[in-house]
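Peer 1: Below is a structure I'd like to ask you about.
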Amino acid sequence: MYMPEHDTILSEVIAAYDFPETLLGTVRYGSGHINDTFCLVCQPKEGKAIRFILQGLSKAAFPRQEELMENFIGVTSHLRKKIESAGGDPMRETLNLVPTRDGKSYYTDATGKVWRLTHYVENTVCLQKATPELFEASARAFGRFQLLLQDYPAHTLHEPIVNFHNTEDRFAKFLAAVEADKLGRAKDVEAEIRFAMERRDDCSVAVNALREGKLPLRVTHNDTKLNNVLIDEATMEGICIIDLDTTMPGLSIYDFGDSIRFGANHSAEDEKDLSKVNFDIELFKRYTRGFLEGAQGSLTDAELEYLPWGAKLMTLECGIRFLTDYLDGDHYFRIHYPEQNLDRCRTQFKLVSDMENSWAQMHEIVKEISGKEQL
Ligand code: ADP
Ligand code: GN1
Ligand code: MG
């Protein structure tokens with residue numbers, strides 16, 4: 001199903017590409033909160049139908065769209081070389097852009113919005129929730145992403161969203177939204193506002209460690225939800241990391257942490273019944289094991305020490321972002337019902353509380369899996 005206003009734009013975008021023979025159909029795809037994603041099916045003269053993924057980048061979330069695409073091209077080119085030299089298949093293990101009719105890497109529509117077309121990676125699954133085995137497999141893929149990009153010159157990447165995981169900045173924006181209280185919603189969410197306020201100092205932990213040079217700046221994905229890795233149906237291994245829009249210089253603990261935030265529980269991000277929202281320490285253990293295996297020793301001792309902070313801070317930050325958007329009038333994250341951002345905020349804050357209660361255990365697990373006694 002598409003929104004009616006997309007039809008003319010979509011036809012304009014589709015006309016910019018040279019598809020193999022008949023375009024059979026276009027359907028809205030995925031469950032992302034930001035971009036517009038479509039799956040296109042084409043029937044060549046001979047053989048099986050071919051699928052493509054067409055994405056229109058949100059101008060509100062990504063005002064610097066050309067810079068974002070420069071990052072995308074730089075990172076996927078680097079990954080392609082690494083995958084080839086490791087004997088892998090770059091058509092399956094990273095994203096591949098389809099050029100427009102006039103040879104460009106992407107199409108800019110009349111409104112200035114950027115669209116890109118990539119080959120669909122067939123025989124893969126994309127999950128919202130996983131078994132422990134598959135969660136560990138996704139962790140290996142994200143750890144490997146970190147490893148493959150460790151020699152990419154981070155300073156050459158743009159920041160498509162400045163201060164994306166700067167938790168101090170996220171907190172400041174939240175305070176401004178409370179202050180402005182545009183829709184008069186603050187009075188109804190006092191408990192949530194208090195929860196965030198009580199954790200103000202936590203918001204400085206990772207940024208301070210970066211400033212002090214304790215944690216190194218790396219190339220990170222920054223949106224490592226389980227549904228941003230494609231799992232090979234045959235091997236059930238995570239093979240292709242997708243959704244590279246927020247790939248930029250960052251901290252490895254952000255990538256670790258965002259996966260834990262989304263995947264180390266058994267509920268939906270917007271579950272209303274908080275008794276169903278519980279941080280699962282066994283899944284934390286599984287993910288830690290997979291991530292460290294995939295990263296193959298490329299993380300420093302300080303990064304290992306801060307992994308639990310990554311989990312807590314990404315969850316707290318996401319809760320704060322959902323709450324900020326709720327107070328602002330739901331302009332950033334796509335919502336499907338009025339209080340969805342508030343529900344999303346509440347699940348994140350419940351998970352933060354759970355992590356605080358499991359804090360010592362989380363550190364023990366990292367020590368045990370990394371084999372480092374002195375973290
Ligand atoms: P969003 O920003 O909306 O999360 P994604 O880039 O994650 O956008 O794409 C949305 C969904 O489309 C993914 O969850 C996945 O199911 C599917 N998808 C995206 N790219 C591909 C691809 N190249 N091959 C197969 N599926 C894809
Ligand atoms: C957004 O686009 P999507 O759904 O993968 C958001 C992430 C949040 C996530 C919460 C660019 O990701 O930062 O963690 O929602 N992406 C952007 O589910 O803001
Ligand atoms: Mg996604």
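Chains: A, B, ... in order of the structure tokens. Residues: from 1 per chain. Ligands: from 1, in order shown.
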With only C-alpha atoms as the counted atoms, please give the residues lying no more than 10 Å from Val121 of chain A, apart from itself and same-chain residues fewer than 5 positions off, as number ranges by chain.
Peer 2: A: 51-53, 91-96, 230-232, 239-240
Peer 1: Can you work out which residues are within 7 Å of ligand 1, considering only C-alpha atoms and all ligand atoms, and then hand them over as a PDB file with N, CA and C atoms, in the first residue's frame?
Peer 2:
```
ATOM      1  N   TYR A  29       7.531  -1.565   1.820  1.00  0.00           N
ATOM      2  CA  TYR A  29       8.299  -2.656   2.402  1.00  0.00           C
ATOM      3  C   TYR A  29       8.924  -2.260   3.728  1.00  0.00           C
ATOM      4  N   GLY A  30       9.076  -3.256   4.621  1.00  0.00           N
ATOM      5  CA  GLY A  30       9.821  -3.036   5.868  1.00  0.00           C
ATOM      6  C   GLY A  30       9.005  -2.309   6.921  1.00  0.00           C
ATOM      7  N   SER A  31       9.624  -2.117   8.076  1.00  0.00           N
ATOM      8  CA  SER A  31       8.895  -1.491   9.184  1.00  0.00           C
ATOM      9  C   SER A  31       9.699  -0.356   9.799  1.00  0.00           C
ATOM     10  N   GLY A  32      10.529   0.285   8.962  1.00  0.00           N
ATOM     11  CA  GLY A  32      11.368   1.379   9.467  1.00  0.00           C
ATOM     12  C   GLY A  32      10.535   2.587   9.875  1.00  0.00           C
ATOM     13  N   HIS A  33      11.101   3.388  10.773  1.00  0.00           N
ATOM     14  CA  HIS A  33      10.378   4.553  11.286  1.00  0.00           C
ATOM     15  C   HIS A  33      10.662   5.824  10.491  1.00  0.00           C
ATOM     16  N   ILE A  34      11.619   5.770   9.546  1.00  0.00           N
ATOM     17  CA  ILE A  34      12.087   7.026   8.953  1.00  0.00           C
ATOM     18  C   ILE A  34      11.927   7.085   7.422  1.00  0.00           C
ATOM     19  N   ASN A  35      12.595   6.187   6.709  1.00  0.00           N
ATOM     20  CA  ASN A  35      12.607   6.271   5.241  1.00  0.00           C
ATOM     21  C   ASN A  35      11.375   5.628   4.610  1.00  0.00           C
ATOM     22  N   ASP A  36      11.202   5.884   3.302  1.00  0.00           N
ATOM     23  CA  ASP A  36      10.157   5.194   2.533  1.00  0.00           C
ATOM     24  C   ASP A  36      10.829   4.085   1.759  1.00  0.00           C
ATOM     25  N   THR A  37      10.451   2.854   2.049  1.00  0.00           N
ATOM     26  CA  THR A  37      11.074   1.716   1.363  1.00  0.00           C
ATOM     27  C   THR A  37      10.030   0.977   0.536  1.00  0.00           C
ATOM     28  N   ILE A  53      15.227  -3.043  -4.157  1.00  0.00           N
ATOM     29  CA  ILE A  53      14.729  -2.222  -3.045  1.00  0.00           C
ATOM     30  C   ILE A  53      14.930  -0.753  -3.428  1.00  0.00           C
ATOM     31  N   LEU A  95      25.523  -4.097   0.373  1.00  0.00           N
ATOM     32  CA  LEU A  95      24.500  -3.525  -0.520  1.00  0.00           C
ATOM     33  C   LEU A  95      25.135  -3.057  -1.821  1.00  0.00           C
ATOM     34  N   THR A 118      18.704  -0.496  -4.793  1.00  0.00           N
ATOM     35  CA  THR A 118      19.729  -1.521  -4.546  1.00  0.00           C
ATOM     36  C   THR A 118      19.192  -2.878  -4.981  1.00  0.00           C
ATOM     37  N   HIS A 119      20.119  -3.765  -5.280  1.00  0.00           N
ATOM     38  CA  HIS A 119      19.724  -5.135  -5.596  1.00  0.00           C
ATOM     39  C   HIS A 119      19.157  -5.777  -4.339  1.00  0.00           C
ATOM     40  N   TYR A 120      18.099  -6.516  -4.501  1.00  0.00           N
ATOM     41  CA  TYR A 120      17.509  -7.259  -3.378  1.00  0.00           C
ATOM     42  C   TYR A 120      18.415  -8.455  -3.092  1.00  0.00           C
ATOM     43  N   VAL A 121      18.762  -8.650  -1.823  1.00  0.00           N
ATOM     44  CA  VAL A 121      19.577  -9.829  -1.484  1.00  0.00           C
ATOM     45  C   VAL A 121      18.613 -10.990  -1.239  1.00  0.00           C
ATOM     46  N   GLU A 122      18.540 -11.881  -2.226  1.00  0.00           N
ATOM     47  CA  GLU A 122      17.549 -12.973  -2.176  1.00  0.00           C
ATOM     48  C   GLU A 122      17.975 -14.082  -1.202  1.00  0.00           C
ATOM     49  N   CYS A 126      14.707 -11.310   7.239  1.00  0.00           N
ATOM     50  CA  CYS A 126      14.932 -10.117   8.038  1.00  0.00           C
ATOM     51  C   CYS A 126      13.968 -10.235   9.219  1.00  0.00           C
ATOM     52  N   ASN A 227      16.595  -6.001  12.704  1.00  0.00           N
ATOM     53  CA  ASN A 227      16.052  -5.975  11.345  1.00  0.00           C
ATOM     54  C   ASN A 227      16.944  -5.205  10.368  1.00  0.00           C
ATOM     55  N   ASN A 228      18.137  -4.846  10.806  1.00  0.00           N
ATOM     56  CA  ASN A 228      19.088  -4.234   9.880  1.00  0.00           C
ATOM     57  C   ASN A 228      20.217  -5.187   9.509  1.00  0.00           C
ATOM     58  N   ILE A 242      22.461  -3.922   6.520  1.00  0.00           N
ATOM     59  CA  ILE A 242      21.758  -2.952   5.664  1.00  0.00           C
ATOM     60  C   ILE A 242      21.476  -1.667   6.453  1.00  0.00           C
ATOM     61  N   ASP A 243      20.735  -0.755   5.841  1.00  0.00           N
ATOM     62  CA  ASP A 243      20.331   0.490   6.493  1.00  0.00           C
ATOM     63  C   ASP A 243      21.557   1.286   6.957  1.00  0.00           C
TER      64      ASP A 243
END
```
Peer 1: Using only C-alpha atoms, which of A:Glu269, A:Glu364, A:Asp188, A:Asp280 sits nearest Tyr326 of chain A?
Peer 2: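 Residue with the minimum atom-to-atom distance to Tyr326 of chain A: A:Asp188.
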Peer 1: Find the residues near segment 214-222 of chain A: any atom within 9 Å, counting only C-alpha atoms, skip ones fewer than 6 places away on the same chain, and give them as JSON, numbers by chain.
Peer 2: {"A": [142, 145, 146, 149, 150, 151, 152, 153, 154, 155, 157, 164, 165, 206, 208, 241, 243, 244, 245, 246, 247, 248, 249, 250, 251, 252, 254, 255, 258, 300, 302, 303, 306]}
Peer 1: Output N, CA, C and O atoms of each residue in that selection to a file, as a tab-separated table (two decimals), in the first residue's frame.
Peer 2:
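Here's the written file result17.tsv:
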```tsv
chain	number	residue	atom	x	y	z
A	142	PHE	N	27.35	-8.03	13.07
A	142	PHE	CA	27.63	-6.64	13.46
A	142	PHE	C	29.07	-6.50	13.98
A	142	PHE	O	29.73	-5.48	13.75
A	145	PHE	N	31.22	-6.41	10.95
A	145	PHE	CA	31.09	-5.09	10.29
A	145	PHE	C	32.12	-4.13	10.91
A	145	PHE	O	32.84	-3.42	10.22
A	146	GLN	N	32.19	-4.18	12.21
A	146	GLN	CA	33.16	-3.39	12.98
A	146	GLN	C	34.59	-3.74	12.56
A	146	GLN	O	35.40	-2.86	12.30
A	149	LEU	N	35.57	-2.62	8.98
A	149	LEU	CA	35.70	-1.17	8.80
A	149	LEU	C	36.75	-0.54	9.70
A	149	LEU	O	36.91	0.67	9.71
A	150	GLN	N	37.50	-1.39	10.43
A	150	GLN	CA	38.42	-0.80	11.41
A	150	GLN	C	39.54	-0.01	10.74
A	150	GLN	O	40.09	0.91	11.34
A	151	ASP	N	39.85	-0.31	9.46
A	151	ASP	CA	40.90	0.46	8.78
A	151	ASP	C	40.32	1.48	7.81
A	151	ASP	O	41.02	2.00	6.96
A	152	TYR	N	39.03	1.75	7.91
A	152	TYR	CA	38.43	2.79	7.06
A	152	TYR	C	38.74	4.15	7.71
A	152	TYR	O	38.54	4.31	8.92
A	153	PRO	N	39.21	5.11	6.94
A	153	PRO	CA	39.53	6.42	7.56
A	153	PRO	C	38.27	7.15	8.03
A	153	PRO	O	37.58	7.80	7.24
A	154	ALA	N	37.97	7.01	9.32
A	154	ALA	CA	36.72	7.54	9.89
A	154	ALA	C	36.55	9.03	9.62
A	154	ALA	O	35.44	9.50	9.35
A	155	HIS	N	37.68	9.79	9.62
A	155	HIS	CA	37.57	11.25	9.47
A	155	HIS	C	37.07	11.66	8.08
A	155	HIS	O	36.66	12.80	7.89
A	157	LEU	N	34.48	10.38	6.64
A	157	LEU	CA	33.02	10.21	6.59
A	157	LEU	C	32.32	11.47	7.08
A	157	LEU	O	32.78	12.14	8.00
A	164	PHE	N	24.42	12.45	16.50
A	164	PHE	CA	23.39	11.41	16.48
A	164	PHE	C	23.30	10.64	17.80
A	164	PHE	O	22.23	10.49	18.37
A	165	HIS	N	24.45	10.16	18.27
A	165	HIS	CA	24.43	9.45	19.57
A	165	HIS	C	25.12	10.25	20.67
A	165	HIS	O	25.65	9.66	21.63
A	206	ALA	N	29.60	8.20	28.12
A	206	ALA	CA	30.31	7.80	26.89
A	206	ALA	C	31.00	8.98	26.24
A	206	ALA	O	32.15	8.87	25.80
A	208	ASN	N	32.15	11.61	27.65
A	208	ASN	CA	33.36	11.93	28.45
A	208	ASN	C	34.48	10.96	28.12
A	208	ASN	O	35.63	11.37	27.97
A	241	ILE	N	24.78	-6.46	6.28
A	241	ILE	CA	24.32	-5.36	7.13
A	241	ILE	C	23.70	-4.31	6.21
A	241	ILE	O	24.33	-3.87	5.24
A	243	ASP	N	20.73	-0.76	5.84
A	243	ASP	CA	20.33	0.49	6.49
A	243	ASP	C	21.56	1.29	6.96
A	243	ASP	O	21.73	1.56	8.16
A	244	LEU	N	22.39	1.64	5.99
A	244	LEU	CA	23.69	2.25	6.30
A	244	LEU	C	23.62	3.78	6.44
A	244	LEU	O	24.65	4.45	6.49
A	245	ASP	N	22.41	4.32	6.51
A	245	ASP	CA	22.25	5.78	6.49
A	245	ASP	C	22.92	6.50	7.65
A	245	ASP	O	23.29	7.66	7.53
A	246	THR	N	23.02	5.82	8.77
A	246	THR	CA	23.61	6.49	9.95
A	246	THR	C	25.06	6.04	10.18
A	246	THR	O	25.61	6.29	11.25
A	247	THR	N	25.65	5.37	9.18
A	247	THR	CA	27.04	4.95	9.34
A	247	THR	C	27.92	6.20	9.31
A	247	THR	O	27.86	7.00	8.37
A	248	MET	N	28.69	6.36	10.36
A	248	MET	CA	29.53	7.57	10.50
A	248	MET	C	30.52	7.34	11.64
A	248	MET	O	30.48	6.28	12.27
A	249	PRO	N	31.40	8.27	11.93
A	249	PRO	CA	32.30	8.06	13.06
A	249	PRO	C	31.50	7.95	14.36
A	249	PRO	O	30.56	8.72	14.58
A	250	GLY	N	31.84	6.99	15.18
A	250	GLY	CA	31.11	6.78	16.44
A	250	GLY	C	31.87	5.85	17.35
A	250	GLY	O	33.05	5.56	17.14
A	251	LEU	N	31.18	5.34	18.36
A	251	LEU	CA	31.81	4.43	19.32
A	251	LEU	C	31.28	3.01	19.08
A	251	LEU	O	30.08	2.82	18.85
A	252	SER	N	32.18	2.03	19.23
A	252	SER	CA	31.76	0.64	19.03
A	252	SER	C	30.66	0.25	20.03
A	252	SER	O	29.81	-0.57	19.73
A	254	TYR	N	28.22	1.92	20.85
A	254	TYR	CA	26.89	2.30	20.34
A	254	TYR	C	26.29	1.14	19.53
A	254	TYR	O	25.10	0.85	19.63
A	255	ASP	N	27.14	0.52	18.69
A	255	ASP	CA	26.63	-0.56	17.85
A	255	ASP	C	26.24	-1.76	18.71
A	255	ASP	O	25.19	-2.38	18.51
A	258	ASP	N	22.96	-0.68	20.79
A	258	ASP	CA	21.67	-0.53	20.12
A	258	ASP	C	21.06	-1.89	19.80
A	258	ASP	O	19.84	-2.06	19.83
A	300	THR	N	39.33	-2.66	22.10
A	300	THR	CA	40.30	-2.42	23.19
A	300	THR	C	39.68	-2.85	24.53
A	300	THR	O	38.46	-3.03	24.63
A	302	ALA	N	39.26	-1.00	27.06
A	302	ALA	CA	38.32	0.04	27.52
A	302	ALA	C	36.96	-0.14	26.82
A	302	ALA	O	35.91	0.03	27.45
A	303	GLU	N	36.98	-0.47	25.55
A	303	GLU	CA	35.71	-0.68	24.84
A	303	GLU	C	34.95	-1.86	25.48
A	303	GLU	O	33.73	-1.79	25.66
A	306	TYR	N	33.31	-0.82	28.65
A	306	TYR	CA	32.16	0.07	28.50
A	306	TYR	C	30.97	-0.57	27.76
A	306	TYR	O	29.96	0.10	27.53
```
Peer 1: For Leu274 of chain A, please output as a list in words all residues within 8 Å (counting only C-alpha atoms; exclusion window: fewer than 3 positions along the same chain).
Peer 2: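 In the requested format, the answer is Glu271, Val277, Asn278, Arg346, Thr347 and Lys350 of chain A.
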Peer 1: Emit the selected residues as a short mmCIF file (atom, residue, chain, number, x, y, z; two decimals), in the first residue's frame, including N, CA and C atoms.
Peer 2:
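Once everything was written out, this is out.cif:
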```
data_model
loop_
_atom_site.label_atom_id
_atom_site.label_comp_id
_atom_site.auth_asym_id
_atom_site.auth_seq_id
_atom_site.Cartn_x
_atom_site.Cartn_y
_atom_site.Cartn_z
N GLU A 271 5.35 -2.16 22.92
CA GLU A 271 4.46 -2.98 23.77
C GLU A 271 3.83 -2.11 24.87
N VAL A 277 7.70 -6.61 29.10
CA VAL A 277 8.96 -6.02 28.64
C VAL A 277 10.04 -6.29 29.66
N ASN A 278 10.91 -7.23 29.38
CA ASN A 278 11.95 -7.61 30.34
C ASN A 278 13.28 -7.80 29.64
N ARG A 346 8.21 4.23 27.00
CA ARG A 346 8.03 3.44 28.25
C ARG A 346 8.74 2.10 28.19
N THR A 347 8.72 1.44 27.04
CA THR A 347 9.42 0.15 26.96
C THR A 347 10.92 0.36 27.15
N LYS A 350 11.68 0.98 30.80
CA LYS A 350 11.57 -0.27 31.59
C LYS A 350 12.85 -1.10 31.40
#
```
Peer 1: DSSP on the backbone, strand (DSSP E) only: what residues of segment 32-205 of chain A does that give? Format it as a list in words.
Peer 2: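 Result set for segment 32-205 of chain A (strand (DSSP E)): Asp36, Thr37, Phe38, Cys39, Leu40, Val41, Cys42, Gln43, Ile50, Arg51, Phe52, Ile53, Leu54, Gln55, Gly56, Tyr107, Thr108, Val114, Trp115, Arg116, Leu117, Thr118, His119, Thr124 and Val125 of chain A.
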Peer 1: So, counting only C-alpha atoms and all ligand atoms, which residue among A:Asp109, A:Glu198, A:Glu317, A:Glu67 is closest to ligand 2?
Peer 2: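 Counting only C-alpha atoms and all ligand atoms, the residue closest to ligand 2 is A:Glu317.
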Peer 1: Taking only C-alpha atoms and all ligand atoms into account, which of A:Arg321, A:Tyr107, A:Lys225, A:Pro338 comes nearest ligand 3?
Peer 2: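 Closest candidate: A:Lys225.
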Peer 1: Any idea what's packed within 8 Å of Ile260 of chain A, counting only C-alpha atoms, ignoring anything in its chain fewer than 5 positions away? Could you give it as a PyMOL selection string?
Peer 2: chain A and resi 284+287+311
Peer 1: What would the file look like if the residues just selected were written as a short mmCIF file (atom, residue, chain, number, x, y, z; two decimals), in the first residue's frame with C-alpha atoms?
Peer 2:
```cif
data_model
loop_
_atom_site.label_atom_id
_atom_site.label_comp_id
_atom_site.auth_asym_id
_atom_site.auth_seq_id
_atom_site.Cartn_x
_atom_site.Cartn_y
_atom_site.Cartn_z
CA PHE A 284 22.76 -10.24 26.44
CA TYR A 287 24.94 -11.20 21.81
CA ALA A 311 23.57 -1.09 26.20
#
```
Peer 1: Please, what distance in Å, to one decimal, runs between atom CA of Cys42 of chain A and atom 5 (O, counted along the ligand's line) of ligand 2?
Peer 2: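 For atom CA of Cys42 of chain A relative to atom 5 (O, counted along the ligand's line) of ligand 2, the distance reads 26.0 Å.
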Peer 1: Write out as a list in words each polymer residue whose atoms come within 9 Å of Glu21 of chain A, counting only C-alpha atoms; drop sequence neighbours fewer than 5 positions from it.
Peer 2: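 In the requested format, the answer is Cys42, Gln43, Pro44 and Lys45 of chain A.
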Peer 1: Can you work out which one of A:Ser105, A:Phe291, A:Pro132, A:Gln55 has the shortest atom-to-atom distance to ligand 3, counting only C-alpha atoms and all ligand atoms?
Peer 2: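 Ranked by minimum distance to ligand 3, first place goes to A:Gln55.
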Peer 1: Under the rule that only C-alpha atoms and all ligand atoms are counted, which of A:Phe171, A:Phe333, A:Tyr106, A:Phe19 is the nearest residue to ligand 2?
Peer 2: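 Smallest separation from ligand 2 among the options: A:Phe333.
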Peer 1: Which residue out of A:Val229, A:Val189, A:Glu66, A:Glu212 has the minimum interatomic distance to ligand 3 when only C-alpha atoms and all ligand atoms are used?
Peer 2: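 Closest residue, counting only C-alpha atoms and all ligand atoms: A:Val229.
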Peer 1: Just want the 8 Å neighbourhood of Asp181 of chain A, counted on only C-alpha atoms, with same-chain residues fewer than 4 positions away dropped. Output as number ranges by chain.
Peer 2: A: 177, 185-186, 327-328
